[in-house]
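Below is one structure, written out as structure tokens; comments come after it.
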Number of protein chains: 2
Amino acid sequence: MDKKSYHHGELRAALIHAALDMLEQDGPDGLSLRGLARAVGVSSMAPYHHFADRAELLAAVATEGFERLQIRKQDIQAIQPSLREALAAGGANYVRFILDNPNLYRLMRSKEFSDRHRFSALHRAASAPAATLLDLMARFLDEQSLSSPSPIEGAQLLWALSHGIGTLALEGQMRADIAPDLAYQGSLAMIDGWIAGLKG
Amino acid sequence: MDKKSYHHGELRAALIHAALDMLEQDGPDGLSLRGLARAVGVSSMAPYHHFADRAELLAAVATEGFERLQIRKQDIQAIQPSLREALAAGGANYVRFILDNPNLYRLMRSKEFSDRHRFSALHRAASAPAATLLDLMARFLDEQSLSSPSPIEGAQLLWALSHGIGTLALEGQMRADIAPDLAYQGSLAMIDGWIAGLKG
DNA sequence: GTCTTAATCCTTACGATGTAAAGTTTGCAA
DNA sequence: TTGCAAACTTTACATCGTAAGGATTAAGAC
């Protein structure tokens with residue numbers, strides 16, 4: 001932690017931390033490698049000893065984001081009384097996460113990390129929340145003896161709904177204060193549509 | 001159209017056109033003012049006589065995108081047998097538009113145009129598809145005598161669902177080939193959830 | 001304790017970008 | 001014809017990502 005030493009010692013972590021701060025403060029365009037280095041008090045080229053390039057640093061930040069999301073997801077889900085409500089609450093929570101971390105979420109879903117080989121740590125972190133949702137969905141469908149939708153389809157639909165609400169709210173296309181509730185209600189409507197639809 | 005003249009004559013339109021091409025070809029990061037100027041055969045600073053800055057040019061491109069979307073929306077919607085199916089078909093069509101114009105859609109929804117004063121033309125163009133959907137939704141709710149959800153809420157939910165499916169498909173989180181159908185099925189599920197839910 | 005080595009960090013340099021400032025060319029109106 | 005405004009160019013600067021090579025230091029071997 002002594003700031004005077006030639007070797008920073010915690011540069012990698014410090015950069016990720018500074019990036020998280022700078023991301024939500026100045027937006028994604030305000031985030032530059034040079035700016036980060038400046039903020040941490042290190043030369044422009046120092047970050048390159050910990051990250052091959054800008055994308056790799058951003059991927060590390062995004063990975064951190066997925067880990068935070070997963071923690072929140074698990075915390076919330078455990079409390080719900082029923083699987084139906086757990087699914088809807090998961091959606092609302094997802095929207096809340098998006099609204100709490102606008103630029104981080106945008107980064108997490110950025111297309112520039114699509115290379116699964118290069119950013120394997122990111123993709124591993126990203127798959128955890130997806131797997132949690134898929135599991136919950138499968139248990140719900142089983143409980144309700146529904147043969148349609150498939151677990152994957154159902155999970156994708158609920159996910160897409162919350163993702164859509166969250167990102168639209170982020171862009172000011174939707175009132176942010178009611179967005180989580182909208183996700184809750186919308187999820188319930190879709191779930192009830194599945195329950196009702198198949199009876200006939 | 002004579003390329004040698006000092007005055008291009010159609011620079012503004014030519015830039016927007018070139019930007020649309022370059023956008024889907026090289027991605028949003030490959031799109032630079034200088035690159036555009038080069039492609040059109042004009043100096044780096046020429047674009048600044050038609051657009052105050054980069055954002056203004058991009059806003060014009062995005063506006064063009066909303067106009068194209070609106071045209072497609074109207075074409076599709078007229079054919080549907082019922083309001084219920086028109087809503088679902090609208091969702092599938094929206095997803096198809098996203099998949100057909102990935103980078104254009106990303107641009108259209110880019111946060112950098114949130115200033116409603118500066119980009120009023122954009123916001124006007126963007127509100128047309130939204131109004132069309134809202135109208136359809138209101139007619140449907142009226143037809144079904146549903147007091148909940150409200151037209152706005154219902155429209156936002158269907159919109160968010162398709163937006164979510166489309167953007168997730170864009171990012172490779174979802175199979176693009178079945179995404180439009182997923183939007184169709186998901187929309188129907190939600191709609192049926194509204195119809196069924198309120199009866200009880 | 002000294003030497004070696006590898007990790008960490010710095011300096012310098014290049015090409016690309018957005019855009020500010022000021023000059024040049026051209027079409028059009030008086 | 002003259003004059004002016006619009007369209008376009010040239011030049012210049014700050015900032016960015018990053019390539020190449022040099023300086024500093026921590027850690028282990030002897």
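Note on naming: chains are A, B, ... as they come in the structure tokens, residues start from 1 per chain, ligands start from 1 in the order shown.
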Output as a PyMOL selection string the set of chain B residues within 9 Å of chain A, with distances taken over only C-alpha atoms. chain B and resi 109-111+114+153-154+156-168+170-172+174+182-183+186-197
Sel. of helix (DSSP H, G or I) residues, segment 70-185 of chain A, as number ranges by chain: A: 70-77, 83-100, 102-108, 111-113, 120-143, 151-170, 176-185
With a distance threshold of 10 Å and counting only C-alpha atoms (C1' of nucleotides), extract the residues of chain C near chain B and express them as number ranges by chain. C: 16-19, 25-27
Counting only C-alpha atoms (C1' of nucleotides), which residues from chain D have an atom at most 12 Å from any atom of chain A, and could you show them as a PDB file with N, CA and C atoms (P, O5', C5', C4', C3', O3' and C1' of nucleotides), in the first residue's frame?
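What ended up in iface20.pdb:
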ATOM      1  P    DT D  15      -4.999  16.377 -23.591  1.00  0.00           P
ATOM      2  O5'  DT D  15      -5.532  14.996 -24.178  1.00  0.00           O
ATOM      3  C5'  DT D  15      -6.872  14.891 -24.640  1.00  0.00           C
ATOM      4  C4'  DT D  15      -7.076  13.505 -25.199  1.00  0.00           C
ATOM      5  C3'  DT D  15      -6.362  12.414 -24.398  1.00  0.00           C
ATOM      6  O3'  DT D  15      -7.300  11.452 -23.916  1.00  0.00           O
ATOM      7  C1'  DT D  15      -5.966  12.179 -26.735  1.00  0.00           C
ATOM      8  P    DC D  16      -6.871  10.230 -23.022  1.00  0.00           P
ATOM      9  O5'  DC D  16      -6.893   9.012 -24.062  1.00  0.00           O
ATOM     10  C5'  DC D  16      -8.094   8.766 -24.794  1.00  0.00           C
ATOM     11  C4'  DC D  16      -7.813   7.778 -25.901  1.00  0.00           C
ATOM     12  C3'  DC D  16      -7.016   6.571 -25.409  1.00  0.00           C
ATOM     13  O3'  DC D  16      -7.882   5.461 -25.236  1.00  0.00           O
ATOM     14  C1'  DC D  16      -6.136   7.446 -27.463  1.00  0.00           C
ATOM     15  P    DG D  17      -7.292   4.183 -24.439  1.00  0.00           P
ATOM     16  O5'  DG D  17      -6.595   3.368 -25.623  1.00  0.00           O
ATOM     17  C5'  DG D  17      -7.411   2.706 -26.587  1.00  0.00           C
ATOM     18  C4'  DG D  17      -6.539   1.995 -27.590  1.00  0.00           C
ATOM     19  C3'  DG D  17      -5.698   0.860 -26.989  1.00  0.00           C
ATOM     20  O3'  DG D  17      -5.674  -0.229 -27.890  1.00  0.00           O
ATOM     21  C1'  DG D  17      -4.272   2.455 -27.966  1.00  0.00           C
ATOM     22  P    DT D  18      -5.076  -1.602 -27.412  1.00  0.00           P
ATOM     23  O5'  DT D  18      -3.529  -1.467 -27.803  1.00  0.00           O
ATOM     24  C5'  DT D  18      -3.149  -1.481 -29.167  1.00  0.00           C
ATOM     25  C4'  DT D  18      -1.674  -1.177 -29.286  1.00  0.00           C
ATOM     26  C3'  DT D  18      -0.754  -2.063 -28.423  1.00  0.00           C
ATOM     27  O3'  DT D  18       0.367  -2.464 -29.184  1.00  0.00           O
ATOM     28  C1'  DT D  18      -0.172   0.151 -28.216  1.00  0.00           C
ATOM     29  P    DA D  19       0.497  -3.973 -29.664  1.00  0.00           P
ATOM     30  O5'  DA D  19       1.905  -3.929 -30.420  1.00  0.00           O
ATOM     31  C5'  DA D  19       2.060  -3.135 -31.587  1.00  0.00           C
ATOM     32  C4'  DA D  19       3.461  -2.546 -31.631  1.00  0.00           C
ATOM     33  C3'  DA D  19       4.563  -3.445 -31.046  1.00  0.00           C
ATOM     34  O3'  DA D  19       5.676  -3.443 -31.940  1.00  0.00           O
ATOM     35  C1'  DA D  19       4.645  -1.321 -30.029  1.00  0.00           C
ATOM     36  P    DA D  20       6.874  -4.519 -31.704  1.00  0.00           P
ATOM     37  O5'  DA D  20       8.059  -3.616 -31.114  1.00  0.00           O
ATOM     38  C5'  DA D  20       8.239  -2.290 -31.588  1.00  0.00           C
ATOM     39  C4'  DA D  20       9.505  -1.705 -30.978  1.00  0.00           C
ATOM     40  C3'  DA D  20      10.487  -2.741 -30.442  1.00  0.00           C
ATOM     41  O3'  DA D  20      11.801  -2.258 -30.658  1.00  0.00           O
ATOM     42  C1'  DA D  20       9.753  -1.375 -28.666  1.00  0.00           C
ATOM     43  P    DA D  23      18.720   1.971 -19.404  1.00  0.00           P
ATOM     44  O5'  DA D  23      17.678   1.995 -18.210  1.00  0.00           O
ATOM     45  C5'  DA D  23      16.955   3.184 -17.941  1.00  0.00           C
ATOM     46  C4'  DA D  23      16.135   2.995 -16.676  1.00  0.00           C
ATOM     47  C3'  DA D  23      16.950   2.607 -15.454  1.00  0.00           C
ATOM     48  O3'  DA D  23      16.499   3.396 -14.352  1.00  0.00           O
ATOM     49  C1'  DA D  23      15.268   0.984 -15.845  1.00  0.00           C
ATOM     50  P    DT D  24      17.170   3.255 -12.920  1.00  0.00           P
ATOM     51  O5'  DT D  24      16.200   2.270 -12.154  1.00  0.00           O
ATOM     52  C5'  DT D  24      14.856   2.668 -11.899  1.00  0.00           C
ATOM     53  C4'  DT D  24      14.135   1.531 -11.205  1.00  0.00           C
ATOM     54  C3'  DT D  24      14.799   1.057  -9.908  1.00  0.00           C
ATOM     55  O3'  DT D  24      13.865   1.262  -8.861  1.00  0.00           O
ATOM     56  C1'  DT D  24      14.141  -0.773 -11.272  1.00  0.00           C
ATOM     57  P    DT D  25      14.311   1.085  -7.322  1.00  0.00           P
ATOM     58  O5'  DT D  25      13.786  -0.386  -7.016  1.00  0.00           O
ATOM     59  C5'  DT D  25      12.417  -0.676  -7.240  1.00  0.00           C
ATOM     60  C4'  DT D  25      12.204  -2.183  -7.198  1.00  0.00           C
ATOM     61  C3'  DT D  25      12.775  -2.880  -5.955  1.00  0.00           C
ATOM     62  O3'  DT D  25      11.738  -3.629  -5.385  1.00  0.00           O
ATOM     63  C1'  DT D  25      13.294  -4.069  -7.913  1.00  0.00           C
ATOM     64  P    DA D  26      11.647  -3.846  -3.813  1.00  0.00           P
ATOM     65  O5'  DA D  26      10.901  -5.252  -3.779  1.00  0.00           O
ATOM     66  C5'  DA D  26       9.962  -5.551  -4.803  1.00  0.00           C
ATOM     67  C4'  DA D  26       9.908  -7.044  -5.055  1.00  0.00           C
ATOM     68  C3'  DA D  26      10.158  -7.933  -3.846  1.00  0.00           C
ATOM     69  O3'  DA D  26       9.270  -9.030  -3.932  1.00  0.00           O
ATOM     70  C1'  DA D  26      11.759  -8.435  -5.503  1.00  0.00           C
TER      71       DA D  26
END
Quick one: residues within 12 Å of Ser82 of chain A, only C-alpha atoms (C1' of nucleotides), excluding same-chain residues fewer than 5 positions away - as a list in words?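 Everything that qualifies: Gln77, Leu87, Ala88, Ala89, Gly90, Leu136, Met137, Arg139, Phe140, Glu143 and Gln144 of chain A.
For the atom pair formed by atom CA of Gln70 of chain A and atom CA of Ala176 of chain A, the distance is 21.8 Å, given to one decimal.
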